[in-house]
Every structure is written in C-alpha cells, then in structure tokens.
Amino acid sequence: MEHADLVVIGAGQSGLATAALAPRHGFSRILVLEAAAEPGGSWPRYYDSLTLFSPARYSSLPGMRFPGAPDRYPRRDDVVDYLHDYARQLSADIRTSTTVTSVTRQDGAWSVRAEDGREFIARAVIAATGDYGTPLVPDIPGQADFGGRILHAVGYRSPDAFAGQRVVVVGGGNSAIQIAAELGPLADTTLATRRPIGWTPQRPLGRDLHWWLGHTRLDVAPIRRLLAKIPVSVLDDGHYRAALGQHGVDRRDMFSRFTADGVVWADGTKEEVDAVLLATGYRLTFPYLTGSGALDTNSAPLHRGGLSTAVPGLGFVGMEFQRSFSSKTLRGVGRDAAHVLSRLSH
C-alpha cells in the first residue's frame, strides 16, 4: 500500500497537465497511474496521418511551449513526442502499465486499486482518462450478417490496407473527413452522414480560427450547455474539401442497414461494399468509479465544472465541454486542471 496527496488516473494530455499544476496547489506527493506502457494517453494509437486543427502556438500544455514553427499544424507523432518530453520534466511519479480497476472512499480518503493488486491511498483523486478508450459503435440493422470488414476509427492506421476496395466512412466530423480524404486516392470511398457536412473556415479573414476564439473569449466562455447543442462541423482551409472532390469521395445520406455483402442506402439502393469505417466518436466512461457514488444511473459523472458534486475529494479533467469550448484540447486542459485543483486543495 502506498500513500500520496493526489492520485491522477491517466497520463494523457489531461493527466500530465494536472500533474504539472498540482504542486502549485499544495499537492506534494503526486502519483499518475497510466494503463498504457508509455505516457501520452490515446495519442500514440491514433491514425498515422492525424493532423491537429490547432496551430502549435495554441497546442501547449502549462509550462512548456509546443516546439517548432508556431503557425504549423502538428501531426500525431509531433504530439506524442511533445507529451513524452513533457512527462519527463514533471516531478510527479508516473506509473505506466498500471490499470486502475476501482476507486472507493474509505475513512475520509480514497483507495485506488490496480489490476495487479497494488493499492494507493490518497486524499484526492482526479480522473483524467477522457473518452477515447471507449469507441462509440452505432447499432445498425444487419451488422452481424455483413461479411465485409467493420472497423472503428480507433483501429484505423493508414489507407494502404484498403487499396482497391469499396469503402464507406460513417461520420461527418474532423476525423471522418481526414480519413476519407486520404482513402480517396486508393479506394472507392463514400462518406455516409445523417446530415450534410458542416464546414467551418480554418482561417476567417486571414487569421486562424483559434486566434478569433481567444480574442473573443469564446474559447473559455462558460457556455457548456449551449456548446453541447451545436452540430458537428469540420475545420478546413479548403484542403480537405478539395481533396474529397479531387478523388471522387461523395457524401450520401446514412445507409439504412447492412446486407451480407454490402449496404442498403436511404433510397433503397443496394450496393456491395468491402469495408465500413466508423468515425462515430467515443463514449465517456469511468468503469473504475462504479460503486463509488460519483456516477449517476447512466454511469455519467455527477460534477460541476469537473468537481464531483456527489463525493468529496474527487475531480475530473479532460471531458468535452467540461467548462468551455476548449476543455478537451491541449490548450484547454490546463485551465480546467487549475480550476479543479484549486477546489480540491481546500
């Protein structure tokens, strides 16, 4: 059994930012528990060509500037390298290959148990595992009978495995567009969405959108409920839209069901398909908090701004729209971490 002031669950961008700021709020012994073999959260597992929609100047965690030209758009491996470097300079004790299975309140403190039997006792816990570990897979009629390949974006790496195939990408967000655009030159690709794709200019009036978000304060505005209702849109400087058109990637209304060898489109047309790639997002889950009293009947966290409203000494960092538009981003997790740490330190 080990004791700590603070246990942070997850060593992705949210957990690392939290660990970096914790000493400023009076936490001296800080443990970061990460299930993977290295820090970085889900970033090392994203598809190879993933490119940020925020420039490097807007992609830094607290206390360490993102390297390189400030106006470049970093790739996945750039972020992974940055997070590894960030983790190395922290004073926190980061334990990798440590899967947390339960977090329970005992005698005014928290007991955090790992899969290998280790137990950690702390006065405060912050859950910073995000939602990228639980893919959201829609239940589409006929799915079990489909003889082709069904793959969620979490398992996609590169277009090479789909060369020469008929592929349908389900989803209308940034990831769906990036994946469809790079599949286009190698595969006969269609985007299937429930509504037309919404495009947002990357550089309105010659400035990156993130400059506007910062100067208008929309990036940090506490309008969480309103933000959650805004339809998904795709940031683009024209590159991705042009790539889709150049390679014949069309958009169609979402198909109604699978067949043994393909799909049935909304107009009733049947088509043979080799693979369906689901860029349908992720589901926020905290399985290790089951039974802790911190979750509602739908297993969602009971919180206000990331601070648990159900049990003392528990916080969350890295949830979408947790406090603002930028809550789930590299540039935003530090603000939310500071907010939660300041409340837990009292």
# chains A, B, ... in the order shown; residues from 1 in each chain; ligands from 1
>>> residues_around(residues="Leu295 of chain A", least_positions_apart="6", cutoff="10 Å", atoms="only C-alpha atoms", output="MDAnalysis selection string")
chainID A and resid 285:287 289 301:303 308:311
>>> select_by_dssp(residues="segment 25-137 of chain A", states="strand (DSSP E)", output="ChimeraX atom specification")
/A:30-33,93-95,100-106,109-114,119-127
>>> write_last_selection(atoms="N, CA, C and O atoms", output="CSV table (one decimal), in the first residue's frame")
chain,number,residue,atom,x,y,z
A,30,ILE,N,2.6,13.3,-5.7
A,30,ILE,CA,1.7,13.1,-6.8
A,30,ILE,C,2.0,11.8,-7.5
A,30,ILE,O,3.1,11.6,-8.0
A,31,LEU,N,1.0,11.0,-7.6
A,31,LEU,CA,1.1,9.7,-8.4
A,31,LEU,C,0.2,9.8,-9.6
A,31,LEU,O,-1.0,10.2,-9.5
A,32,VAL,N,0.8,9.5,-10.8
A,32,VAL,CA,0.0,9.4,-12.0
A,32,VAL,C,0.0,7.9,-12.5
A,32,VAL,O,1.0,7.3,-12.7
A,33,LEU,N,-1.2,7.4,-12.6
A,33,LEU,CA,-1.4,6.0,-13.0
A,33,LEU,C,-1.9,5.9,-14.4
A,33,LEU,O,-2.9,6.4,-14.7
A,93,ASP,N,5.3,11.2,-9.9
A,93,ASP,CA,5.7,9.8,-10.1
A,93,ASP,C,4.7,9.2,-11.0
A,93,ASP,O,3.6,9.0,-10.7
A,94,ILE,N,5.2,8.9,-12.3
A,94,ILE,CA,4.3,8.3,-13.3
A,94,ILE,C,4.5,6.8,-13.4
A,94,ILE,O,5.6,6.4,-13.6
A,95,ARG,N,3.4,6.1,-13.1
A,95,ARG,CA,3.5,4.6,-13.1
A,95,ARG,C,2.7,4.2,-14.4
A,95,ARG,O,1.5,4.3,-14.5
A,100,VAL,N,-6.1,1.0,-13.5
A,100,VAL,CA,-7.0,1.2,-12.3
A,100,VAL,C,-8.3,0.4,-12.5
A,100,VAL,O,-9.0,0.6,-13.5
A,101,THR,N,-8.7,-0.4,-11.5
A,101,THR,CA,-9.9,-1.1,-11.5
A,101,THR,C,-11.0,-0.6,-10.6
A,101,THR,O,-12.2,-0.8,-10.8
A,102,SER,N,-10.6,0.1,-9.5
A,102,SER,CA,-11.6,0.6,-8.6
A,102,SER,C,-11.1,1.8,-7.8
A,102,SER,O,-9.9,1.9,-7.5
A,103,VAL,N,-12.0,2.7,-7.5
A,103,VAL,CA,-11.7,3.9,-6.7
A,103,VAL,C,-12.8,4.0,-5.7
A,103,VAL,O,-14.0,4.2,-6.1
A,104,THR,N,-12.5,3.8,-4.4
A,104,THR,CA,-13.5,3.9,-3.4
A,104,THR,C,-13.1,4.8,-2.2
A,104,THR,O,-11.9,4.9,-1.9
A,105,ARG,N,-14.1,5.3,-1.6
A,105,ARG,CA,-13.9,6.2,-0.5
A,105,ARG,C,-13.9,5.4,0.8
A,105,ARG,O,-14.8,4.7,1.1
A,106,GLN,N,-12.8,5.6,1.6
A,106,GLN,CA,-12.7,4.8,2.9
A,106,GLN,C,-12.1,5.7,4.0
A,106,GLN,O,-10.9,6.2,3.8
A,109,ALA,N,-10.5,9.1,3.0
A,109,ALA,CA,-9.5,9.1,2.0
A,109,ALA,C,-10.0,8.2,0.8
A,109,ALA,O,-11.0,7.5,0.9
A,110,TRP,N,-9.2,8.2,-0.2
A,110,TRP,CA,-9.5,7.4,-1.4
A,110,TRP,C,-8.6,6.2,-1.5
A,110,TRP,O,-7.4,6.3,-1.3
A,111,SER,N,-9.2,5.0,-1.8
A,111,SER,CA,-8.4,3.8,-2.0
A,111,SER,C,-8.5,3.5,-3.5
A,111,SER,O,-9.6,3.3,-4.1
A,112,VAL,N,-7.3,3.5,-4.2
A,112,VAL,CA,-7.3,3.3,-5.6
A,112,VAL,C,-6.6,2.0,-5.8
A,112,VAL,O,-5.4,1.8,-5.5
A,113,ARG,N,-7.3,1.0,-6.5
A,113,ARG,CA,-6.7,-0.3,-6.7
A,113,ARG,C,-6.4,-0.6,-8.1
A,113,ARG,O,-7.2,-0.2,-9.0
A,114,ALA,N,-5.3,-1.2,-8.4
A,114,ALA,CA,-4.9,-1.5,-9.7
A,114,ALA,C,-5.1,-3.0,-10.0
A,114,ALA,O,-5.3,-3.8,-9.1
A,119,GLU,N,-2.4,-1.2,-4.2
A,119,GLU,CA,-3.3,-0.2,-3.7
A,119,GLU,C,-2.6,1.1,-3.3
A,119,GLU,O,-1.5,1.1,-2.8
A,120,PHE,N,-3.3,2.2,-3.7
A,120,PHE,CA,-2.8,3.5,-3.4
A,120,PHE,C,-3.8,4.3,-2.6
A,120,PHE,O,-5.0,4.3,-2.9
A,121,ILE,N,-3.4,4.9,-1.6
A,121,ILE,CA,-4.3,5.7,-0.7
A,121,ILE,C,-3.9,7.2,-0.9
A,121,ILE,O,-2.8,7.6,-0.9
A,122,ALA,N,-5.0,8.0,-1.1
A,122,ALA,CA,-4.8,9.4,-1.4
A,122,ALA,C,-5.9,10.3,-0.8
A,122,ALA,O,-7.0,9.8,-0.7
A,123,ARG,N,-5.6,11.5,-0.5
A,123,ARG,CA,-6.7,12.4,0.0
A,123,ARG,C,-7.5,12.9,-1.1
A,123,ARG,O,-8.7,13.4,-0.9
A,124,ALA,N,-7.0,12.9,-2.4
A,124,ALA,CA,-7.7,13.4,-3.5
A,124,ALA,C,-7.4,12.6,-4.7
A,124,ALA,O,-6.3,12.1,-4.9
A,125,VAL,N,-8.4,12.5,-5.6
A,125,VAL,CA,-8.2,11.7,-6.9
A,125,VAL,C,-8.8,12.6,-8.0
A,125,VAL,O,-9.8,13.2,-7.9
A,126,ILE,N,-8.1,12.6,-9.1
A,126,ILE,CA,-8.6,13.2,-10.3
A,126,ILE,C,-8.6,12.2,-11.5
A,126,ILE,O,-7.6,11.6,-11.8
A,127,ALA,N,-9.8,12.0,-12.0
A,127,ALA,CA,-10.0,11.1,-13.2
A,127,ALA,C,-9.7,11.9,-14.4
A,127,ALA,O,-10.4,12.8,-14.8
>>> select_by_dssp(residues="segment 48-116 of chain A", states="helix (DSSP H, G or I)", output="PyMOL selection string")
chain A and resi 56-58+76-88
>>> residues_around(residues="Ser49 of chain A", least_positions_apart="3", cutoff="8 Å", atoms="only C-alpha atoms", output="PyMOL selection string")
chain A and resi 75-76+157-158
>>> write_last_selection(atoms="N, CA, C and O atoms", output="CSV table (one decimal), in the first residue's frame")
chain,number,residue,atom,x,y,z
A,75,ARG,N,1.4,17.1,-36.4
A,75,ARG,CA,0.9,15.8,-36.7
A,75,ARG,C,0.9,14.9,-35.4
A,75,ARG,O,1.4,15.3,-34.4
A,76,ARG,N,0.3,13.7,-35.5
A,76,ARG,CA,0.2,12.9,-34.4
A,76,ARG,C,1.5,12.6,-33.7
A,76,ARG,O,1.6,12.8,-32.5
A,157,ARG,N,-5.3,2.9,-39.1
A,157,ARG,CA,-3.9,3.4,-39.1
A,157,ARG,C,-3.5,4.2,-40.4
A,157,ARG,O,-3.0,5.3,-40.3
A,158,SER,N,-3.8,3.5,-41.5
A,158,SER,CA,-3.4,4.1,-42.8
A,158,SER,C,-4.3,3.5,-43.9
A,158,SER,O,-4.9,2.5,-43.7
>>> residues_around(residues="segment 249-253 of chain A", least_positions_apart="4", cutoff="7 Å", atoms="only C-alpha atoms", output="list in words")
Gly184, Thr189, Thr190, Leu191, Ala192, Thr193, Arg194, Arg195, Leu244, Gly245 and Ala266 of chain A
>>> write_last_selection(atoms="N, CA, C and O atoms", output="PDB file, in the first residue's frame")
ATOM      1  N   GLY A 184      -9.349   8.332 -50.337  1.00  0.00           N
ATOM      2  CA  GLY A 184      -9.803   8.637 -51.683  1.00  0.00           C
ATOM      3  C   GLY A 184      -8.871   8.239 -52.815  1.00  0.00           C
ATOM      4  O   GLY A 184      -9.313   7.649 -53.799  1.00  0.00           O
ATOM      5  N   THR A 189     -14.370   5.583 -52.266  1.00  0.00           N
ATOM      6  CA  THR A 189     -14.780   5.982 -50.922  1.00  0.00           C
ATOM      7  C   THR A 189     -16.015   6.873 -50.929  1.00  0.00           C
ATOM      8  O   THR A 189     -16.131   7.794 -51.744  1.00  0.00           O
ATOM      9  N   THR A 190     -16.925   6.621 -49.986  1.00  0.00           N
ATOM     10  CA  THR A 190     -18.114   7.450 -49.773  1.00  0.00           C
ATOM     11  C   THR A 190     -18.207   7.812 -48.302  1.00  0.00           C
ATOM     12  O   THR A 190     -17.912   6.986 -47.423  1.00  0.00           O
ATOM     13  N   LEU A 191     -18.608   9.038 -48.030  1.00  0.00           N
ATOM     14  CA  LEU A 191     -18.926   9.462 -46.671  1.00  0.00           C
ATOM     15  C   LEU A 191     -20.428   9.286 -46.451  1.00  0.00           C
ATOM     16  O   LEU A 191     -21.242   9.776 -47.240  1.00  0.00           O
ATOM     17  N   ALA A 192     -20.797   8.593 -45.388  1.00  0.00           N
ATOM     18  CA  ALA A 192     -22.210   8.421 -45.035  1.00  0.00           C
ATOM     19  C   ALA A 192     -22.493   9.214 -43.768  1.00  0.00           C
ATOM     20  O   ALA A 192     -21.869   8.974 -42.726  1.00  0.00           O
ATOM     21  N   THR A 193     -23.403  10.179 -43.865  1.00  0.00           N
ATOM     22  CA  THR A 193     -23.723  11.024 -42.724  1.00  0.00           C
ATOM     23  C   THR A 193     -25.226  11.209 -42.593  1.00  0.00           C
ATOM     24  O   THR A 193     -25.982  10.996 -43.548  1.00  0.00           O
ATOM     25  N   ARG A 194     -25.679  11.621 -41.419  1.00  0.00           N
ATOM     26  CA  ARG A 194     -27.112  11.834 -41.189  1.00  0.00           C
ATOM     27  C   ARG A 194     -27.554  13.241 -41.570  1.00  0.00           C
ATOM     28  O   ARG A 194     -28.747  13.519 -41.650  1.00  0.00           O
ATOM     29  N   ARG A 195     -26.579  14.114 -41.782  1.00  0.00           N
ATOM     30  CA  ARG A 195     -26.899  15.474 -42.224  1.00  0.00           C
ATOM     31  C   ARG A 195     -25.754  15.963 -43.097  1.00  0.00           C
ATOM     32  O   ARG A 195     -24.656  15.401 -43.046  1.00  0.00           O
ATOM     33  N   LEU A 244     -11.417  15.771 -51.221  1.00  0.00           N
ATOM     34  CA  LEU A 244     -12.590  14.912 -51.403  1.00  0.00           C
ATOM     35  C   LEU A 244     -13.097  14.993 -52.842  1.00  0.00           C
ATOM     36  O   LEU A 244     -13.399  13.973 -53.469  1.00  0.00           O
ATOM     37  N   GLY A 245     -13.179  16.214 -53.348  1.00  0.00           N
ATOM     38  CA  GLY A 245     -13.651  16.392 -54.711  1.00  0.00           C
ATOM     39  C   GLY A 245     -12.688  15.833 -55.741  1.00  0.00           C
ATOM     40  O   GLY A 245     -13.108  15.192 -56.714  1.00  0.00           O
ATOM     41  N   ALA A 266     -30.245   4.954 -48.233  1.00  0.00           N
ATOM     42  CA  ALA A 266     -31.511   5.530 -47.791  1.00  0.00           C
ATOM     43  C   ALA A 266     -32.580   5.498 -48.876  1.00  0.00           C
ATOM     44  O   ALA A 266     -33.782   5.438 -48.574  1.00  0.00           O
TER      45      ALA A 266
END
>>> residues_around(residues="segment 54-58 of chain A", least_positions_apart="3", cutoff="7 Å", atoms="only C-alpha atoms", output="list of chain:residue names")
A:Phe66, A:Pro70, A:Asp71, A:Arg72, A:Tyr73, A:Pro74, A:His210, A:Arg331
>>> atom_distance(atom1="atom CA of His84 of chain A", atom2="atom CA of Gly68 of chain A")
15.8 Å
